[in-house]
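S.K.: The structure file work36.txt (compact mmCIF, C-alpha atoms) is provided below.
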```txt
# COMPACT_ATOMS: atom_id res chain seq x y z
CA MET A 1 0.00 0.00 0.00
CA ALA A 2 1.28 3.49 -0.88
CA THR A 3 2.73 5.72 1.81
CA ILE A 4 0.66 8.88 2.30
CA LEU A 5 2.67 10.44 5.16
CA SER A 6 6.28 10.09 6.21
CA ALA A 7 7.88 11.81 9.22
CA LYS A 8 11.68 11.79 9.30
CA ASN A 9 13.70 12.80 12.37
CA VAL A 10 11.11 15.37 13.45
CA VAL A 11 12.03 17.59 16.37
CA LYS A 12 9.78 20.24 17.90
CA THR A 13 11.21 22.59 20.52
CA TYR A 14 9.05 25.41 21.86
CA ALA A 15 10.27 28.94 22.57
CA ASN A 16 10.48 28.15 26.29
CA GLY A 17 13.06 25.44 25.54
CA HIS A 18 10.77 22.44 26.04
CA THR A 19 11.32 19.76 23.38
CA ALA A 20 7.96 18.10 22.76
CA LEU A 21 9.05 15.80 19.91
CA LYS A 22 12.46 14.13 19.77
CA ASP A 23 13.66 12.54 16.53
CA ILE A 24 10.25 11.21 15.49
CA THR A 25 10.31 8.90 12.44
CA PHE A 26 7.37 6.86 11.12
CA ASP A 27 5.33 6.21 7.96
CA VAL A 28 1.57 6.07 7.44
CA ALA A 29 0.10 3.94 4.66
CA GLU A 30 -2.84 5.21 2.64
CA GLY A 31 -6.09 3.92 4.15
CA GLU A 32 -4.62 3.15 7.58
CA PHE A 33 -6.31 3.85 10.89
CA LEU A 34 -3.30 4.79 13.01
CA ALA A 35 -3.73 5.36 16.74
CA ILE A 36 -1.22 7.46 18.66
CA ILE A 37 -1.21 6.74 22.38
CA GLY A 38 0.62 8.01 25.42
CA LEU A 39 0.21 10.04 28.58
CA SER A 40 -0.95 13.64 28.50
CA GLY A 41 2.09 15.74 27.62
CA SER A 42 3.76 12.93 25.66
CA GLY A 43 3.64 14.92 22.40
CA LYS A 44 0.54 13.46 20.73
CA SER A 45 -1.29 16.74 20.09
CA THR A 46 1.92 18.49 19.06
CA LEU A 47 2.55 15.80 16.46
CA LEU A 48 -0.88 16.21 14.85
CA ARG A 49 -0.46 19.97 14.78
CA CYS A 50 2.90 19.59 13.08
CA ILE A 51 1.35 17.34 10.42
CA ASN A 52 -1.20 19.99 9.45
CA ARG A 53 1.26 22.85 10.04
CA LEU A 54 -0.59 24.50 12.91
CA HIS A 55 2.84 24.15 14.55
CA GLU A 56 6.18 24.49 12.79
CA ILE A 57 8.75 21.76 13.41
CA SER A 58 12.25 22.70 14.58
CA SER A 59 14.06 20.18 12.37
CA GLY A 60 13.43 17.10 10.27
CA THR A 61 10.96 16.64 7.42
CA ILE A 62 7.32 15.64 7.01
CA LEU A 63 6.40 14.33 3.58
CA PHE A 64 2.76 14.22 2.47
CA ARG A 65 2.34 12.37 -0.82
CA ASP A 66 6.12 12.74 -1.26
CA LYS A 67 6.02 16.54 -0.90
CA ASP A 68 7.87 18.22 1.98
CA ILE A 69 5.02 20.09 3.65
CA THR A 70 7.34 21.90 6.08
CA GLN A 71 8.34 24.22 3.22
CA LEU A 72 4.84 25.06 1.97
CA LYS A 73 3.63 28.66 1.97
CA GLY A 74 0.61 30.62 0.80
CA LYS A 75 -1.85 28.76 -1.40
CA GLU A 76 0.06 25.47 -1.21
CA LEU A 77 -0.09 25.56 2.59
CA ARG A 78 -3.82 26.34 2.55
CA ASN A 79 -4.37 23.43 0.15
CA HIS A 80 -2.44 21.10 2.46
CA ARG A 81 -4.51 22.14 5.48
CA ARG A 82 -7.70 21.48 3.51
CA ASP A 83 -6.36 18.00 2.75
CA CYS A 84 -6.01 17.37 6.50
CA GLY A 85 -9.42 17.29 8.16
CA MET A 86 -8.93 18.20 11.83
CA ILE A 87 -11.20 17.01 14.65
CA PHE A 88 -10.59 18.48 18.11
CA GLN A 89 -11.30 17.20 21.61
CA HIS A 90 -13.65 20.09 22.45
CA PHE A 91 -15.49 20.13 19.10
CA ASN A 92 -14.69 23.82 18.26
CA LEU A 93 -18.23 24.53 17.07
CA VAL A 94 -19.92 27.94 16.99
CA LYS A 95 -22.54 27.11 19.60
CA ARG A 96 -25.09 29.78 18.64
CA ARG A 97 -25.13 28.75 14.97
CA SER A 98 -27.11 25.88 13.51
CA VAL A 99 -25.64 22.44 12.93
CA LEU A 100 -25.84 23.00 9.17
CA GLU A 101 -23.96 26.31 9.39
CA ASN A 102 -21.24 24.65 11.46
CA VAL A 103 -20.83 21.87 8.91
CA LEU A 104 -20.78 24.38 6.04
CA SER A 105 -17.95 26.27 7.76
CA GLY A 106 -15.73 23.42 6.60
CA THR A 107 -15.86 24.93 3.11
CA LEU A 108 -14.66 28.41 4.12
CA GLY A 109 -11.00 27.67 3.40
CA SER A 110 -11.78 26.92 -0.25
CA MET A 111 -14.12 29.86 -0.90
CA PRO A 112 -13.23 33.31 -2.26
CA LEU A 113 -12.72 35.77 0.60
CA TRP A 114 -15.81 37.86 -0.23
CA LYS A 115 -18.02 34.77 -0.12
CA SER A 116 -16.51 33.44 3.09
CA LEU A 117 -17.02 36.78 4.86
CA SER A 118 -20.71 36.79 3.96
CA HIS A 119 -21.17 33.02 4.33
CA GLN A 120 -22.64 32.68 0.85
CA PHE A 121 -22.86 28.94 0.36
CA SER A 122 -23.84 27.30 -2.91
CA ASP A 123 -26.72 24.84 -3.26
CA ASP A 124 -24.09 22.15 -3.93
CA ASP A 125 -22.33 22.98 -0.66
CA ILE A 126 -25.61 22.76 1.24
CA GLN A 127 -26.43 19.39 -0.30
CA ARG A 128 -22.94 18.07 0.55
CA ALA A 129 -23.34 19.30 4.13
CA LEU A 130 -26.68 17.53 4.46
CA HIS A 131 -25.14 14.37 3.00
CA ASN A 132 -22.27 14.52 5.50
CA LEU A 133 -24.79 14.85 8.32
CA GLU A 134 -26.41 11.68 7.00
CA ILE A 135 -23.03 9.95 7.08
CA VAL A 136 -22.70 10.71 10.81
CA GLY A 137 -26.31 9.83 11.51
CA ILE A 138 -27.86 13.18 12.45
CA PRO A 139 -29.48 14.70 9.32
CA GLU A 140 -32.56 15.64 11.36
CA LYS A 141 -30.44 17.99 13.51
CA ALA A 142 -29.45 20.28 10.62
CA MET A 143 -31.44 23.35 11.71
CA ILE A 144 -30.92 22.96 15.47
CA ARG A 145 -28.44 25.18 17.32
CA ALA A 146 -25.19 23.37 17.98
CA ASP A 147 -25.38 24.00 21.72
CA ALA A 148 -28.65 22.08 21.90
CA LEU A 149 -26.88 18.82 21.02
CA SER A 150 -25.24 16.29 23.31
CA GLY A 151 -21.45 16.09 23.40
CA GLY A 152 -21.39 13.02 21.17
CA GLN A 153 -23.67 14.68 18.63
CA GLN A 154 -21.50 17.80 18.63
CA GLN A 155 -18.44 15.68 17.87
CA ARG A 156 -20.32 14.06 15.00
CA VAL A 157 -21.04 17.57 13.66
CA ALA A 158 -17.29 18.23 13.86
CA ILE A 159 -16.63 15.07 11.83
CA ALA A 160 -19.17 16.17 9.20
CA ARG A 161 -17.49 19.59 9.09
CA ALA A 162 -14.10 17.97 8.48
CA LEU A 163 -15.58 15.89 5.66
CA MET A 164 -16.66 19.10 3.89
CA GLN A 165 -12.97 19.63 3.06
CA ASN A 166 -12.92 16.26 1.26
CA PRO A 167 -9.65 15.51 3.05
CA SER A 168 -7.24 12.72 2.18
CA ILE A 169 -6.34 12.32 5.84
CA VAL A 170 -8.35 12.90 9.02
CA LEU A 171 -6.48 13.99 12.16
CA ALA A 172 -8.49 13.38 15.33
CA ASP A 173 -7.01 14.82 18.53
CA GLU A 174 -8.52 12.97 21.51
CA PRO A 175 -11.98 12.98 19.86
CA VAL A 176 -13.65 11.04 22.71
CA ALA A 177 -11.79 12.43 25.72
CA SER A 178 -14.73 14.68 26.64
CA LEU A 179 -17.37 11.98 26.17
CA ASP A 180 -18.84 9.20 28.28
CA PRO A 181 -17.97 5.57 27.38
CA ALA A 182 -21.19 4.76 25.49
CA THR A 183 -20.92 7.91 23.39
CA SER A 184 -17.22 7.25 22.77
CA HIS A 185 -18.03 4.13 20.79
CA SER A 186 -20.62 6.00 18.74
CA VAL A 187 -18.04 8.60 17.66
CA MET A 188 -15.35 5.98 17.05
CA ASN A 189 -17.78 3.99 14.89
CA TYR A 190 -18.19 6.98 12.59
CA LEU A 191 -14.43 7.49 12.35
CA GLU A 192 -14.13 3.80 11.49
CA LYS A 193 -16.86 4.22 8.87
CA ILE A 194 -15.10 7.05 7.06
CA ASN A 195 -11.87 5.04 7.21
CA LYS A 196 -13.26 1.75 5.91
CA GLU A 197 -16.14 2.87 3.69
CA MET A 198 -14.80 6.19 2.40
CA GLY A 199 -11.13 5.20 2.29
CA LYS A 200 -9.93 8.15 4.37
CA THR A 201 -6.64 7.71 6.21
CA VAL A 202 -7.19 8.38 9.93
CA ILE A 203 -4.62 9.34 12.55
CA CYS A 204 -6.27 9.43 15.96
CA ASN A 205 -4.86 10.35 19.37
CA LEU A 206 -6.37 8.12 22.05
CA HIS A 207 -5.88 7.33 25.73
CA PHE A 208 -7.81 4.06 26.03
CA LEU A 209 -6.17 0.89 24.73
CA SER A 210 -9.53 -0.89 24.48
CA LEU A 211 -10.52 1.63 21.79
CA VAL A 212 -7.15 1.28 20.08
CA ARG A 213 -7.50 -2.50 19.91
CA GLN A 214 -11.05 -2.28 18.54
CA TYR A 215 -10.66 0.43 15.92
CA ALA A 216 -7.03 0.95 14.94
CA THR A 217 -5.05 -1.03 12.37
CA ARG A 218 -1.72 0.06 13.88
CA ALA A 219 -0.49 2.00 16.90
CA ILE A 220 2.37 4.27 17.85
CA ALA A 221 3.13 5.13 21.49
CA LEU A 222 4.87 8.33 22.57
CA LYS A 223 6.57 8.90 25.91
CA ASP A 224 8.27 12.20 26.66
CA GLY A 225 8.32 13.01 22.94
CA VAL A 226 9.95 9.73 21.89
CA ILE A 227 8.38 6.77 20.05
CA VAL A 228 8.56 3.84 22.47
CA PHE A 229 6.29 1.44 20.56
CA GLU A 230 5.21 0.94 16.96
CA GLY A 231 3.22 -2.08 15.88
CA LEU A 232 -0.13 -3.84 15.91
CA PRO A 233 -2.59 -2.97 18.72
CA HIS A 234 -2.70 -6.56 20.05
CA GLU A 235 1.08 -6.44 20.49
CA ILE A 236 0.68 -3.96 23.35
CA THR A 237 1.10 -6.42 26.21
CA ASP A 238 0.78 -5.63 29.91
CA GLU A 239 4.55 -5.14 30.02
CA ARG A 240 4.43 -2.75 27.06
CA PHE A 241 1.53 -0.91 28.70
CA ARG A 242 3.61 -0.28 31.81
CA GLU A 243 6.55 0.91 29.70
CA ILE A 244 4.29 3.45 27.99
CA TYR A 245 2.19 4.62 30.93
CA GLY A 246 4.34 3.86 33.97
CA GLU A 247 4.61 1.03 36.48
CA ASP A 248 1.64 2.23 38.58
CA ALA A 249 -0.74 2.71 35.64
CA VAL A 250 -3.94 0.67 35.47
CA GLU A 251 -5.64 0.01 32.14
CA ILE A 252 -9.25 1.20 31.96
CA HIS A 253 -11.52 -0.54 29.48
CA ILE A 254 -14.31 1.22 27.59
CA ARG A 255 -16.91 -1.39 26.70
```
Please re-express this file's structure in structure tokens.

M.R.:
Amino acid sequence: MATILSAKNVVKTYANGHTALKDITFDVAEGEFLAIIGLSGSGKSTLLRCINRLHEISSGTILFRDKDITQLKGKELRNHRRDCGMIFQHFNLVKRRSVLENVLSGTLGSMPLWKSLSHQFSDDDIQRALHNLEIVGIPEKAMIRADALSGGQQQRVAIARALMQNPSIVLADEPVASLDPATSHSVMNYLEKINKEMGKTVICNLHFLSLVRQYATRAIALKDGVIVFEGLPHEITDERFREIYGEDAVEIHIR
């Protein structure tokens, strides 16, 4: 299978001197569902933000479809960010706007400035937004204010918004960390659906190994900014778990 993303010797050091990523090297195959695990502060969120260039790396290279994205500027950078659908832990919705308007906001990066400022969406955009709401199972919520939805429904709106970009890769940063266990599976099922049925490559930061084992095709573990495991989810044994999370850590299962 073709490689869609390749990180080579990536280092990220912040202005305060903290090095969040240390010599990170890995490849992602097209169509993979890659889980990135590790404690809070291990570098997971920083890594995703480096992939879509919300953060600049300090050294190394990140290749996306064989192009070094760390050198992109202007229109090429905007195109790359559109190709990376981003899903955040806290949804990042405009609460007072309708679900449909929030989903349509996923098109703003590809619209002319004058249209984006006035939110002039085409009939085609509206139909695509409604279709994406069908994909995540909430088409009937289109005209409801976003803040009237449950947390799980809001995250599904965020997924539909990311799909409006027609991304090649979906970056999900702790997408279920703010949700209860039952709702977590609902959101993960939709990420699995867009991976398996739509062929989107997914890179997902997760805390819970039970979710990693159920949904991911491969896993990478970070500890203090270093990759300490790379392999299949079932290869994360109890011993490996303690290496990643510490000797006193206890695995919590989401059923």

S.K.: Hey, could you make a per-residue contact list for stretch 79-103 of chain A against stretch 59-72 of chain A with 12 Å as the cut-off, showing the nearest pair of atoms and its distance in Å to one decimal, counting only C-alpha atoms, sorted by chain and number, as a tab-separated table?

M.R.:
```
residue	atom	partner	partner_atom	distance
A:Asn79	CA	A:Leu72	CA	9.5
A:His80	CA	A:Ile69	CA	7.6
A:Arg81	CA	A:Ile69	CA	9.9
A:Asp83	CA	A:Phe64	CA	9.9
A:Cys84	CA	A:Phe64	CA	10.2
```

S.K.: Could you list, as a PyMOL selection string, every residue within 10 Å of stretch 12-29 of chain A, counting only C-alpha atoms and ignoring same-chain residues fewer than 6 positions away?

M.R.: chain A and resi 1-6+41-47+50+55-64+201-203+218+220+222-227+230

S.K.: May I have the residues at most 8 Å from (1.5, 0.6, 18.1) in the file's coordinates, counting only C-alpha atoms, as a VMD selection string?

M.R.: chain A and resid 35 to 37 218 to 221 229 to 233 235 to 236

S.K.: Taking all atoms of stretch 193-211 of chain A that the file lists, what box with edges along x, y and z, padded by 3 Å per side, do you get, with centre and edge lengths in Å to one decimal, as lines of an AutoDock Vina configuration file?

M.R.:
```
center_x = -10.7
center_y = 4.7
center_z = 14.2
size_x = 18.2
size_y = 17.2
size_z = 29.7
```

S.K.: Please identify all polymer residues within 9 Å of A:Asp173, counting all atoms listed in the file, omitting same-chain residues fewer than 3 positions from it, and present them as a list in words.

M.R.: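 So the residues in contact are Lys44, Ser45, Leu48, Met86, Ile87, Phe88, Gln89, Val176, Ala177, Ile203, Cys204, Asn205 and Leu206 of chain A.
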
S.K.: Could you state the separation of atom CA of A:Leu130 and atom CA of A:Glu32 in Å, given to one decimal place?

M.R.: 26.5 Å

S.K.: Rounded to one decimal in Å, what is the spacing between atom CA of A:Asp238 and atom CA of A:Lys196?

M.R.: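 So the two atoms, atom CA of A:Asp238 and atom CA of A:Lys196, lie 28.8 Å apart.
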
S.K.: Write out as a JSON list (two decimals) with C-alpha atoms, keeping the file's coordinate frame which residues come within 12 Å of stretch 136-138 of chain A when counting only C-alpha atoms, dropping same-chain ones fewer than 5 positions away.

M.R.:
```json
[["chain", "number", "residue", "atom", "x", "y", "z"],
["A", 99, "VAL", "CA", -25.64, 22.44, 12.93],
["A", 100, "LEU", "CA", -25.84, 23.00, 9.17],
["A", 103, "VAL", "CA", -20.83, 21.87, 8.91],
["A", 129, "ALA", "CA", -23.34, 19.30, 4.13],
["A", 130, "LEU", "CA", -26.68, 17.53, 4.46],
["A", 131, "HIS", "CA", -25.14, 14.37, 3.00],
["A", 143, "MET", "CA", -31.44, 23.35, 11.71],
["A", 144, "ILE", "CA", -30.92, 22.96, 15.47],
["A", 146, "ALA", "CA", -25.19, 23.37, 17.98],
["A", 149, "LEU", "CA", -26.88, 18.82, 21.02],
["A", 150, "SER", "CA", -25.24, 16.29, 23.31],
["A", 152, "GLY", "CA", -21.39, 13.02, 21.17],
["A", 153, "GLN", "CA", -23.67, 14.68, 18.63],
["A", 154, "GLN", "CA", -21.50, 17.80, 18.63],
["A", 155, "GLN", "CA", -18.44, 15.68, 17.87],
["A", 156, "ARG", "CA", -20.32, 14.06, 15.00],
["A", 157, "VAL", "CA", -21.04, 17.57, 13.66],
["A", 158, "ALA", "CA", -17.29, 18.23, 13.86],
["A", 159, "ILE", "CA", -16.63, 15.07, 11.83],
["A", 160, "ALA", "CA", -19.17, 16.17, 9.20],
["A", 161, "ARG", "CA", -17.49, 19.59, 9.09],
["A", 162, "ALA", "CA", -14.10, 17.97, 8.48],
["A", 163, "LEU", "CA", -15.58, 15.89, 5.66],
["A", 186, "SER", "CA", -20.62, 6.00, 18.74],
["A", 187, "VAL", "CA", -18.04, 8.60, 17.66],
["A", 188, "MET", "CA", -15.35, 5.98, 17.05],
["A", 189, "ASN", "CA", -17.78, 3.99, 14.89],
["A", 190, "TYR", "CA", -18.19, 6.98, 12.59],
["A", 191, "LEU", "CA", -14.43, 7.49, 12.35],
["A", 192, "GLU", "CA", -14.13, 3.80, 11.49],
["A", 193, "LYS", "CA", -16.86, 4.22, 8.87],
["A", 194, "ILE", "CA", -15.10, 7.05, 7.06]]
```

S.K.: Could you check how far atom CA of A:Glu243 sits from atom CA of A:Val228, in Å to one decimal?

M.R.: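 Straight-line distance from atom CA of A:Glu243 to atom CA of A:Val228 works out to 8.1 Å.
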
S.K.: Could you tell me which of A:Lys73, A:Lys95, A:His185, A:Arg128 comes closest to A:Arg145 if we count only C-alpha atoms?

M.R.: A:Lys95
